[in-house]
Number of protein chains: 2
Amino acid sequence: MTSAQIAYLGPAGTFTEQAARQWAPDDAADAWPAPSVPAAVEALREGRVREAVVPFENSVEGSVPATLQALLDGSTDDGVRIIGELHVEVQFSLLVRPGTTLGQVRTVASHPHAFAQTRDWLSARLPQAQQVPESSTARAAQAVAEGGYDAAVAAPGAATAYRLVPAAEHIADREGAVTRFVVLRRGAALPAPTGGDRTTLVVLIWQNRPGALLELLEQFATRGIDLSRLESRPTGEGLGEYCFWIDADAHLSEQRMREALTGLRRTCRDVRFLGSYPRADGRAAAVPPHADDDAYAEAQGWVDRLTRG
Amino acid sequence: MTSAQIAYLGPAGTFTEQAARQWAPDDAADAWPAPSVPAAVEALREGRVREAVVPFENSVEGSVPATLQALLDGSTDDGVRIIGELHVEVQFSLLVRPGTTLGQVRTVASHPHAFAQTRDWLSARLPQAQQVPESSTARAAQAVAEGGYDAAVAAPGAATAYRLVPAAEHIADREGAVTRFVVLRRGAALPAPTGGDRTTLVVLIWQNRPGALLELLEQFATRGIDLSRLESRPTGEGLGEYCFWIDADAHLSEQRMREALTGLRRTCRDVRFLGSYPRADGRAAAVPPHADDDAYAEAQGWVDRLTRG
């Protein structure tokens with residue numbers, strides 16, 4: 001089906017392709033545009049690709065539910081892990097066929113998230129145009145190329161892929177929106193710690209215990225670990241049933257992180273480890289002196305001596 | 001534009017219409033199907049309707065971003081408050097024009113969330129059918145009625161509204177999915193406390209202060225208040241910038257809730273109060289003896305006596 005080294009959430013011409021090129025420039029030529037995130041994970045499982053690049057969260061729209069679900073499924077069955085992340089700035093253009101002017105646009109296609117991020121521009125400049133939802137911004141661009149609609153709100157890169165031209169550029173309502181992508185491998189060794197790492201976890205707490213979330217957060221705080229992300233997601237089991245997606249600013253190779261994980265394992269209903277990997281922004285973790293590996297080793301030595309008597 | 005008493009997120013034939021009928025059976029006949037959540041809030045602001053019913057969260061798909069945003073916007077400008085909530089069980093049918101059989105279905109239209117909730121059924125029973133995203137399940141049903149597609153995944157009620165028939169019923173992958181709706185009013189008095197109430201808040205913490213979320217949760221725990229919901233949402237200001245949507249199991253008329261609010265106000269970047277209202281499930285709040293109004297009054301009396309000397 002594919003002899004590619006790397007899969008990404010397709011089609012071509014999306015921000016995910018841009019992220020895949022950025023991650024692995026040498027493999028970009030034959031990268032495989034997977035039709036869905038589960039399909040990309042499936043290709044990893046079957047060994048058809050080495051890595052997969054998928055969108056994880058956006059600074060405006062929040063997380064990407066299909067990715068979170070595929071990651072949860074993949075981590076159970078197949079040891080799929082996050083081994084890296086990338087940030088890509090999101091820019092939107094209004095793409096049309098050559099010769100079409102803004103005044104001629106009656107129908108605009110795009111992904112609903114892209115409509116949401118260009119709402120103000122569209123209502124100011126194309127108040128009368130009909131908005132048609134498509135399953136991706138690239139598919140919208142393709143539909144424009146085929147004559148189905150007059151214009152598409154899409155990534156600038158989609159212009160090249162589908163021989164369209166921008167009727168307007170930088171049309172996002174907020175400048176500086178960023179999408180975070182993660183890179184997945186199956187059965188890979190953990191990336192080495194860099195001093196600026198993240199560990200991604202999914203934790204299910206005991207719902208009927210008041211204060212359970214507080215206790216969960218204390219497992220990190222008491223070991224000097226900052227959290228850079230905490231997101232609640234429904235488990236699907238009923239209203240009020242959540243699991244928590246957590247990015248902790250530490251690497252599994254650090255003693256503070258290993259001890260926090262044992263604490264979660266003892267006190268929570270379920271804990272899933274999705275990987276330790278370098279942060280895209282390269283920011284170093286702030287490790288309080290009482291929580292670094294030396295402090296842990298010194299303290300452990302003391303308790304060992306007490307135990308020996 | 002409308003002389004209705006009540007607005008709901010339209011079009012007709014959706015679960016939201018069902019919720020509106022359940023909330024106000026007497027006003028259902030002339031309820032106004034608003035084209036969007038912001039339009040429903042706008043109708044409240046302009047006094048064109050008394051109440052608005054909008055979807056808030058679903059037990060499978062999570063919260064409804066458009067509603068959260070409209071509530072945030074409305075609470076600043078206009079004193080729009082949640083005065084009640086309802087739970088509606090979500091069921092999906094595959095609706096077709098009379099005479100169409102399952103074997104004849106080549107194209108299926110629906111809202112992407114409904115596709116997500118019927119994924120297994122669709123891939124087992126209609127693996128070859130093309131899935132076409134529409135902006136609502138009702139609009140998908142309407143498009144089927146007009147001959148645009150062969151079938152729609154929609155609420156059972158849409159069959160009546162668009163003269164379709166079910167080719168299959170109860171096709172959701174998970175039984176028992178529930179959607180929670182909220183009822184909004186502008187400038188209304190708080191509903192009286194019932195002993196089983198919720199207070200909905202949005203809290204923005206100081207992001208650069210490690211442990212800020214822990215402190216936020218402690219404001220509730222230390223006053224004996226359970227949280228039935230906590231959801232992080234991006235603020236749109238950048239990756240890692242979140243606000244927290246909180247449902248606390250207490251009413252603003254209770255001293256423990258008022259003190260918790262002052263604690264949040266002192267320590268957080270911003271706190272928005274969206275309403276105190278009875279829970280749909282009627283469950284009574286568990287108030288520990290040390291946190292009820294009598295305990296607060298007794299303790300306040302003691303401190304007053306100390307102060308007087």
# chains A, B, ... in the order shown; residues from 1 in each chain; ligands from 1
$ interface_residues --of "chain B" --to "chain A" --cutoff "8 Å" --atoms "only C-alpha atoms" --output "PyMOL selection string"
chain B and resi 58-62+132-135+176-180+210-211+214+217-218+221+226-241
$ calpha_fit_and_write --fixed "chain B" --moving "chain A" --output "compact mmCIF listing (two decimals) with C-alpha atoms, in the first residue's frame"
# COMPACT_ATOMS: atom_id res chain seq x y z
CA MET A 1 -38.02 38.77 13.42
CA THR A 2 -39.60 36.55 16.05
CA SER A 3 -42.38 36.92 18.58
CA ALA A 4 -41.46 33.62 20.22
CA GLN A 5 -41.02 33.22 23.98
CA ILE A 6 -38.16 30.81 23.56
CA ALA A 7 -35.29 30.34 21.11
CA TYR A 8 -33.35 27.14 20.50
CA LEU A 9 -30.43 26.20 18.31
CA GLY A 10 -32.17 25.17 15.12
CA PRO A 11 -33.06 23.89 12.67
CA ALA A 12 -36.24 22.03 13.64
CA GLY A 13 -35.93 18.30 14.14
CA THR A 14 -32.72 18.35 16.21
CA PHE A 15 -32.10 17.20 19.77
CA THR A 16 -32.11 20.86 20.79
CA GLU A 17 -35.70 21.26 19.65
CA GLN A 18 -36.53 18.18 21.70
CA ALA A 19 -34.84 19.79 24.73
CA ALA A 20 -36.76 23.06 24.18
CA ARG A 21 -40.07 21.14 24.07
CA GLN A 22 -39.13 19.33 27.25
CA TRP A 23 -38.21 22.59 29.02
CA ALA A 24 -41.21 24.66 27.96
CA PRO A 25 -43.99 22.48 26.52
CA ASP A 26 -46.44 25.39 26.43
CA ASP A 27 -44.15 27.62 24.36
CA ALA A 28 -42.99 24.89 22.00
CA ALA A 29 -45.50 25.69 19.27
CA ASP A 30 -43.95 29.04 18.43
CA ALA A 31 -40.38 28.40 19.59
CA TRP A 32 -37.82 30.07 17.35
CA PRO A 33 -35.12 27.92 15.68
CA ALA A 34 -32.11 30.27 15.85
CA PRO A 35 -29.52 29.78 13.09
CA SER A 36 -26.62 29.74 15.59
CA VAL A 37 -25.89 29.93 19.31
CA PRO A 38 -24.69 33.57 19.06
CA ALA A 39 -27.95 34.39 17.25
CA ALA A 40 -29.94 32.86 20.11
CA VAL A 41 -27.95 34.92 22.65
CA GLU A 42 -28.46 38.02 20.48
CA ALA A 43 -32.21 37.44 20.57
CA LEU A 44 -32.02 37.34 24.38
CA ARG A 45 -30.01 40.56 24.44
CA GLU A 46 -32.51 42.35 22.26
CA GLY A 47 -35.43 41.11 24.32
CA ARG A 48 -36.97 39.24 21.38
CA VAL A 49 -37.14 36.02 23.41
CA ARG A 50 -37.38 35.29 27.12
CA GLU A 51 -35.20 32.19 27.16
CA ALA A 52 -32.81 30.28 24.92
CA VAL A 53 -32.04 26.55 24.96
CA VAL A 54 -28.60 25.55 23.63
CA PRO A 55 -26.46 22.38 23.75
CA PHE A 56 -23.64 22.52 26.30
CA GLU A 57 -21.85 19.16 26.33
CA ASN A 58 -22.22 15.60 25.16
CA SER A 59 -21.09 12.51 27.05
CA VAL A 60 -19.19 11.21 23.99
CA GLU A 61 -18.02 14.27 22.10
CA GLY A 62 -17.42 16.69 24.98
CA SER A 63 -18.39 20.32 25.17
CA VAL A 64 -19.86 22.46 22.40
CA PRO A 65 -17.27 25.18 21.68
CA ALA A 66 -19.75 27.59 20.04
CA THR A 67 -21.90 27.59 23.17
CA LEU A 68 -18.99 28.12 25.54
CA GLN A 69 -17.80 31.06 23.44
CA ALA A 70 -21.27 32.62 23.18
CA LEU A 71 -21.76 32.24 26.94
CA LEU A 72 -18.43 33.94 27.67
CA ASP A 73 -19.25 36.78 25.29
CA GLY A 74 -22.79 37.10 26.60
CA SER A 75 -21.83 37.12 30.27
CA THR A 76 -19.56 40.17 29.77
CA ASP A 77 -21.87 42.34 27.77
CA ASP A 78 -25.33 41.41 28.75
CA GLY A 79 -25.66 39.53 31.99
CA VAL A 80 -26.74 36.35 30.21
CA ARG A 81 -26.98 33.57 32.82
CA ILE A 82 -27.68 29.86 32.94
CA ILE A 83 -30.95 29.36 34.82
CA GLY A 84 -31.47 25.65 34.23
CA GLU A 85 -30.23 22.51 32.52
CA LEU A 86 -31.69 19.39 30.87
CA HIS A 87 -30.32 16.00 29.89
CA VAL A 88 -31.58 14.44 26.66
CA GLU A 89 -30.66 10.93 25.60
CA VAL A 90 -29.09 10.92 22.15
CA GLN A 91 -30.42 8.39 19.67
CA PHE A 92 -29.58 8.20 16.01
CA SER A 93 -31.57 6.79 13.11
CA LEU A 94 -30.63 6.32 9.48
CA LEU A 95 -33.35 8.30 7.70
CA VAL A 96 -34.26 7.79 4.04
CA ARG A 97 -37.03 8.79 1.66
CA PRO A 98 -39.98 6.35 1.74
CA GLY A 99 -39.19 3.40 -0.54
CA THR A 100 -35.40 3.57 -0.24
CA THR A 101 -33.83 0.39 1.14
CA LEU A 102 -30.54 0.08 3.01
CA GLY A 103 -28.97 -1.62 0.00
CA GLN A 104 -29.70 1.40 -2.18
CA VAL A 105 -27.83 3.87 0.03
CA ARG A 106 -24.74 5.26 -1.72
CA THR A 107 -24.41 8.62 0.06
CA VAL A 108 -25.00 9.45 3.74
CA ALA A 109 -25.10 12.99 5.10
CA SER A 110 -24.79 14.10 8.72
CA HIS A 111 -23.02 16.37 11.17
CA PRO A 112 -19.41 15.23 11.80
CA HIS A 113 -20.21 14.59 15.49
CA ALA A 114 -23.04 12.24 14.49
CA PHE A 115 -20.73 10.39 12.09
CA ALA A 116 -18.26 10.02 14.96
CA GLN A 117 -20.93 8.50 17.19
CA THR A 118 -22.13 5.98 14.58
CA ARG A 119 -18.75 5.06 13.08
CA ASP A 120 -18.89 1.34 13.87
CA TRP A 121 -22.42 0.89 12.59
CA LEU A 122 -21.69 2.76 9.37
CA SER A 123 -18.49 0.86 8.62
CA ALA A 124 -20.23 -2.47 9.30
CA ARG A 125 -23.48 -1.82 7.43
CA LEU A 126 -22.65 0.84 4.83
CA PRO A 127 -18.90 0.40 4.25
CA GLN A 128 -19.11 1.64 0.66
CA ALA A 129 -21.34 4.65 1.23
CA GLN A 130 -19.81 8.09 0.84
CA GLN A 131 -20.09 10.23 3.97
CA VAL A 132 -20.92 13.88 3.39
CA PRO A 133 -20.53 16.37 6.26
CA GLU A 134 -23.38 18.84 6.81
CA SER A 135 -23.70 21.63 9.35
CA SER A 136 -26.40 19.83 11.37
CA THR A 137 -28.14 16.47 11.43
CA ALA A 138 -31.41 18.21 10.58
CA ARG A 139 -29.92 19.95 7.56
CA ALA A 140 -28.67 16.54 6.43
CA ALA A 141 -32.20 15.17 6.74
CA GLN A 142 -33.56 18.13 4.80
CA ALA A 143 -31.00 17.51 2.04
CA VAL A 144 -32.16 13.88 1.84
CA ALA A 145 -35.79 15.04 1.58
CA GLU A 146 -34.76 17.29 -1.31
CA GLY A 147 -33.06 14.36 -3.06
CA GLY A 148 -29.48 15.52 -2.52
CA TYR A 149 -28.34 12.34 -0.71
CA ASP A 150 -29.71 8.86 -0.11
CA ALA A 151 -29.69 8.87 3.69
CA ALA A 152 -29.02 10.97 6.78
CA VAL A 153 -27.80 10.05 10.25
CA ALA A 154 -30.13 12.19 12.37
CA ALA A 155 -32.35 12.43 15.42
CA PRO A 156 -35.47 10.25 15.21
CA GLY A 157 -37.55 13.45 15.41
CA ALA A 158 -36.15 14.67 12.09
CA ALA A 159 -38.17 11.97 10.29
CA THR A 160 -41.44 13.76 11.05
CA ALA A 161 -40.03 17.20 10.29
CA TYR A 162 -38.78 16.21 6.83
CA ARG A 163 -41.16 13.36 5.89
CA LEU A 164 -38.50 10.68 5.96
CA VAL A 165 -38.60 7.15 7.34
CA PRO A 166 -36.02 5.20 9.36
CA ALA A 167 -34.09 2.55 7.42
CA ALA A 168 -32.45 1.67 10.74
CA GLU A 169 -32.90 2.85 14.33
CA HIS A 170 -30.64 3.00 17.41
CA ILE A 171 -27.48 3.02 15.31
CA ALA A 172 -25.22 4.81 17.84
CA ASP A 173 -22.09 2.81 18.68
CA ARG A 174 -22.58 3.48 22.38
CA GLU A 175 -25.95 3.20 24.05
CA GLY A 176 -26.87 5.82 26.58
CA ALA A 177 -25.07 8.86 25.19
CA VAL A 178 -26.52 11.97 26.76
CA THR A 179 -26.44 15.61 25.76
CA ARG A 180 -26.71 18.31 28.39
CA PHE A 181 -28.54 21.47 27.41
CA VAL A 182 -28.58 24.75 29.30
CA VAL A 183 -31.35 27.32 29.47
CA LEU A 184 -30.29 30.97 29.30
CA ARG A 185 -31.97 34.17 30.45
CA ARG A 186 -30.75 37.72 30.53
CA GLY A 187 -30.85 39.81 33.67
CA ALA A 188 -32.93 37.22 35.50
CA ALA A 189 -33.00 36.70 39.26
CA LEU A 190 -31.03 33.64 40.41
CA PRO A 191 -33.18 30.50 40.63
CA ALA A 192 -33.85 29.68 44.29
CA PRO A 193 -31.55 27.07 45.86
CA THR A 194 -32.96 23.53 45.93
CA GLY A 195 -30.25 21.69 47.85
CA GLY A 196 -29.08 20.09 44.59
CA ASP A 197 -27.63 22.97 42.61
CA ARG A 198 -24.76 23.81 40.35
CA THR A 199 -22.73 26.95 39.89
CA THR A 200 -20.98 27.36 36.54
CA LEU A 201 -17.78 29.42 36.46
CA VAL A 202 -15.00 30.19 34.02
CA VAL A 203 -11.65 30.84 35.63
CA LEU A 204 -8.47 32.14 34.08
CA ILE A 205 -5.41 31.34 36.18
CA TRP A 206 -2.01 33.03 36.15
CA GLN A 207 -0.25 30.73 33.71
CA ASN A 208 3.30 31.42 34.73
CA ARG A 209 2.72 30.41 38.34
CA PRO A 210 3.38 26.67 38.80
CA GLY A 211 0.72 25.11 40.97
CA ALA A 212 -1.89 27.73 40.08
CA LEU A 213 -4.43 25.09 39.10
CA LEU A 214 -3.78 23.21 42.32
CA GLU A 215 -4.48 26.41 44.28
CA LEU A 216 -7.65 26.93 42.28
CA LEU A 217 -8.95 23.49 43.22
CA GLU A 218 -7.99 24.01 46.84
CA GLN A 219 -10.26 27.06 46.98
CA PHE A 220 -13.16 24.63 46.56
CA ALA A 221 -11.82 21.67 48.54
CA THR A 222 -11.01 23.71 51.62
CA ARG A 223 -14.66 24.88 51.73
CA GLY A 224 -16.18 21.42 51.23
CA ILE A 225 -17.41 22.02 47.67
CA ASP A 226 -17.35 19.16 45.17
CA LEU A 227 -16.70 19.85 41.50
CA SER A 228 -18.82 17.85 39.07
CA ARG A 229 -17.07 19.17 35.98
CA LEU A 230 -13.72 20.69 35.13
CA GLU A 231 -12.79 21.38 31.56
CA SER A 232 -9.79 23.17 30.18
CA ARG A 233 -10.28 25.18 27.00
CA PRO A 234 -7.72 27.18 25.03
CA THR A 235 -8.03 30.93 25.50
CA GLY A 236 -6.86 31.48 21.93
CA GLU A 237 -3.82 33.40 23.20
CA GLY A 238 -1.31 30.64 22.51
CA LEU A 239 -0.51 26.98 23.14
CA GLY A 240 -0.65 26.20 26.84
CA GLU A 241 -2.98 29.13 27.63
CA TYR A 242 -6.14 27.72 29.14
CA CYS A 243 -9.21 28.82 30.95
CA PHE A 244 -11.12 26.37 33.12
CA TRP A 245 -14.85 25.73 32.96
CA ILE A 246 -16.03 24.57 36.32
CA ASP A 247 -19.33 23.23 37.63
CA ALA A 248 -19.31 23.43 41.41
CA ASP A 249 -21.98 21.55 43.38
CA ALA A 250 -23.22 24.52 45.40
CA HIS A 251 -25.44 27.59 45.01
CA LEU A 252 -24.33 31.21 45.22
CA SER A 253 -26.73 31.67 48.15
CA GLU A 254 -24.55 29.33 50.26
CA GLN A 255 -21.82 30.94 52.34
CA ARG A 256 -19.24 28.27 51.31
CA MET A 257 -19.76 29.20 47.65
CA ARG A 258 -19.57 32.93 48.27
CA GLU A 259 -16.34 32.51 50.22
CA ALA A 260 -14.86 30.28 47.49
CA LEU A 261 -15.72 32.97 44.93
CA THR A 262 -13.95 35.63 46.95
CA GLY A 263 -10.94 33.29 47.13
CA LEU A 264 -10.92 32.87 43.35
CA ARG A 265 -11.37 36.59 42.84
CA ARG A 266 -8.34 37.32 45.03
CA THR A 267 -6.03 34.71 43.49
CA CYS A 268 -6.99 34.24 39.83
CA ARG A 269 -6.53 36.37 36.74
CA ASP A 270 -10.25 36.45 35.93
CA VAL A 271 -13.42 34.78 37.20
CA ARG A 272 -16.71 34.76 35.33
CA PHE A 273 -19.97 33.76 37.07
CA LEU A 274 -22.40 32.11 34.65
CA GLY A 275 -25.18 31.13 37.02
CA SER A 276 -26.45 28.99 39.91
CA TYR A 277 -29.30 26.64 39.01
CA PRO A 278 -30.89 23.27 39.91
CA ARG A 279 -29.19 20.11 38.62
CA ALA A 280 -31.13 18.20 35.97
CA ASP A 281 -30.63 14.90 37.78
CA GLY A 282 -32.03 16.28 41.02
CA ARG A 283 -29.16 14.82 43.03
CA ALA A 284 -28.71 16.58 46.39
CA ALA A 285 -25.33 18.11 47.15
CA ALA A 286 -23.27 16.47 49.88
CA VAL A 287 -22.52 19.31 52.29
CA PRO A 288 -20.00 18.30 54.98
CA PRO A 289 -21.08 19.48 58.46
CA HIS A 290 -18.05 21.77 58.65
CA ALA A 291 -19.13 23.60 55.46
CA ASP A 292 -22.85 24.29 55.88
CA ASP A 293 -24.24 27.74 56.56
CA ASP A 294 -24.65 27.00 60.29
CA ALA A 295 -20.97 26.10 60.60
CA TYR A 296 -20.01 29.27 58.76
CA ALA A 297 -22.28 31.40 60.97
CA GLU A 298 -20.94 29.83 64.16
CA ALA A 299 -17.34 30.35 63.06
CA GLN A 300 -17.97 33.92 61.97
CA GLY A 301 -19.57 34.64 65.37
CA TRP A 302 -16.47 33.31 67.12
CA VAL A 303 -14.11 35.50 65.06
CA ASP A 304 -16.40 38.50 65.64
CA ARG A 305 -16.25 37.93 69.40
CA LEU A 306 -12.47 37.64 69.28
CA THR A 307 -12.29 40.86 67.33
CA ARG A 308 -14.50 42.73 69.78
CA GLY A 309 -12.20 41.44 72.52
$ select_by_dssp --residues "region 178-280 of chain B" --states "strand (DSSP E)" --output "JSON list (two decimals) with C-alpha atoms, in the first residue's frame"
[["chain", "number", "residue", "atom", "x", "y", "z"],
["B", 178, "VAL", "CA", -26.53, 11.97, 26.76],
["B", 179, "THR", "CA", -26.45, 15.62, 25.75],
["B", 180, "ARG", "CA", -26.72, 18.32, 28.39],
["B", 181, "PHE", "CA", -28.55, 21.48, 27.41],
["B", 182, "VAL", "CA", -28.58, 24.76, 29.30],
["B", 183, "VAL", "CA", -31.37, 27.33, 29.49],
["B", 184, "LEU", "CA", -30.29, 30.98, 29.32],
["B", 185, "ARG", "CA", -31.95, 34.18, 30.48],
["B", 186, "ARG", "CA", -30.76, 37.74, 30.56],
["B", 197, "ASP", "CA", -27.61, 22.97, 42.63],
["B", 198, "ARG", "CA", -24.75, 23.80, 40.35],
["B", 199, "THR", "CA", -22.72, 26.95, 39.89],
["B", 200, "THR", "CA", -20.97, 27.35, 36.55],
["B", 201, "LEU", "CA", -17.78, 29.40, 36.46],
["B", 202, "VAL", "CA", -15.00, 30.19, 34.01],
["B", 203, "VAL", "CA", -11.64, 30.82, 35.62],
["B", 204, "LEU", "CA", -8.46, 32.13, 34.07],
["B", 227, "LEU", "CA", -16.70, 19.84, 41.50],
["B", 228, "SER", "CA", -18.83, 17.84, 39.08],
["B", 229, "ARG", "CA", -17.06, 19.15, 35.99],
["B", 230, "LEU", "CA", -13.73, 20.67, 35.12],
["B", 231, "GLU", "CA", -12.79, 21.37, 31.54],
["B", 232, "SER", "CA", -9.81, 23.16, 30.15],
["B", 233, "ARG", "CA", -10.31, 25.18, 26.96],
["B", 234, "PRO", "CA", -7.74, 27.17, 24.99],
["B", 242, "TYR", "CA", -6.15, 27.70, 29.09],
["B", 243, "CYS", "CA", -9.21, 28.80, 30.92],
["B", 244, "PHE", "CA", -11.11, 26.35, 33.10],
["B", 245, "TRP", "CA", -14.84, 25.73, 32.93],
["B", 246, "ILE", "CA", -16.03, 24.56, 36.31],
["B", 247, "ASP", "CA", -19.33, 23.22, 37.64],
["B", 248, "ALA", "CA", -19.30, 23.42, 41.42],
["B", 270, "ASP", "CA", -10.23, 36.43, 35.92],
["B", 271, "VAL", "CA", -13.39, 34.76, 37.19],
["B", 272, "ARG", "CA", -16.69, 34.75, 35.33],
["B", 273, "PHE", "CA", -19.94, 33.76, 37.08],
["B", 274, "LEU", "CA", -22.38, 32.12, 34.64],
["B", 275, "GLY", "CA", -25.18, 31.14, 37.01],
["B", 276, "SER", "CA", -26.44, 28.99, 39.92],
["B", 277, "TYR", "CA", -29.29, 26.64, 39.01],
["B", 278, "PRO", "CA", -30.89, 23.28, 39.92]]
$ select_by_dssp --residues "region 181-290 of chain B" --states "helix (DSSP H, G or I)" --output "list in words"
Ala212, Leu213, Leu214, Glu215, Leu216, Leu217, Glu218, Gln219, Phe220, Ala221, Gln255, Arg256, Met257, Arg258, Glu259, Ala260, Leu261, Thr262, Gly263, Leu264, Arg265, Arg266, Thr267, Pro289 and His290 of chain B
$ decode --residues "region 155-216 of chain A" --atoms "C-alpha atoms" --output "tab-separated table (two decimals), in the first residue's frame"
chain	number	residue	atom	x	y	z
A	155	ALA	CA	-3.41	26.51	3.94
A	156	PRO	CA	-1.26	28.62	1.59
A	157	GLY	CA	0.48	25.40	0.52
A	158	ALA	CA	-2.74	24.04	-0.96
A	159	ALA	CA	-2.48	26.61	-3.78
A	160	THR	CA	0.50	24.79	-5.30
A	161	ALA	CA	-0.99	21.35	-4.75
A	162	TYR	CA	-4.25	22.19	-6.55
A	163	ARG	CA	-3.15	24.94	-8.98
A	164	LEU	CA	-5.14	27.67	-7.29
A	165	VAL	CA	-4.21	31.27	-6.50
A	166	PRO	CA	-4.84	33.36	-3.38
A	167	ALA	CA	-7.62	35.95	-3.68
A	168	ALA	CA	-6.66	37.02	-0.16
A	169	GLU	CA	-3.91	36.02	2.28
A	170	HIS	CA	-3.55	36.06	6.08
A	171	ILE	CA	-7.30	36.00	6.62
A	172	ALA	CA	-7.28	34.38	10.10
A	173	ASP	CA	-9.09	36.48	12.70
A	174	ARG	CA	-6.25	35.98	15.17
A	175	GLU	CA	-2.63	36.29	14.16
A	176	GLY	CA	-0.21	33.78	15.57
A	177	ALA	CA	-2.42	30.71	15.88
A	178	VAL	CA	-0.23	27.65	16.25
A	179	THR	CA	-0.89	23.97	15.74
A	180	ARG	CA	1.11	21.40	17.65
A	181	PHE	CA	1.89	18.17	15.86
A	182	VAL	CA	3.23	14.98	17.41
A	183	VAL	CA	5.47	12.37	15.82
A	184	LEU	CA	4.63	8.74	16.58
A	185	ARG	CA	6.71	5.57	16.49
A	186	ARG	CA	5.93	2.05	17.53
A	187	GLY	CA	8.12	0.11	19.92
A	188	ALA	CA	10.84	2.76	19.77
A	189	ALA	CA	13.39	3.46	22.49
A	190	LEU	CA	12.62	6.62	24.51
A	191	PRO	CA	14.31	9.72	23.08
A	192	ALA	CA	17.23	10.71	25.33
A	193	PRO	CA	16.51	13.44	27.90
A	194	THR	CA	17.54	16.95	26.83
A	195	GLY	CA	16.75	18.94	29.97
A	196	GLY	CA	13.68	20.40	28.24
A	197	ASP	CA	11.34	17.45	27.88
A	198	ARG	CA	7.71	16.55	28.13
A	199	THR	CA	5.94	13.42	29.30
A	200	THR	CA	2.42	12.88	27.99
A	201	LEU	CA	0.02	10.89	30.16
A	202	VAL	CA	-3.67	10.05	30.22
A	203	VAL	CA	-5.08	9.54	33.68
A	204	LEU	CA	-8.46	8.22	34.71
A	205	ILE	CA	-9.38	9.18	38.27
A	206	TRP	CA	-11.90	7.57	40.59
A	207	GLN	CA	-14.88	9.77	39.83
A	208	ASN	CA	-16.84	9.20	42.98
A	209	ARG	CA	-14.02	10.38	45.23
A	210	PRO	CA	-14.28	14.15	45.83
A	211	GLY	CA	-10.88	15.77	45.60
A	212	ALA	CA	-9.48	13.05	43.34
A	213	LEU	CA	-8.28	15.60	40.78
A	214	LEU	CA	-6.66	17.64	43.53
A	215	GLU	CA	-4.78	14.53	44.68
A	216	LEU	CA	-3.72	13.85	41.10
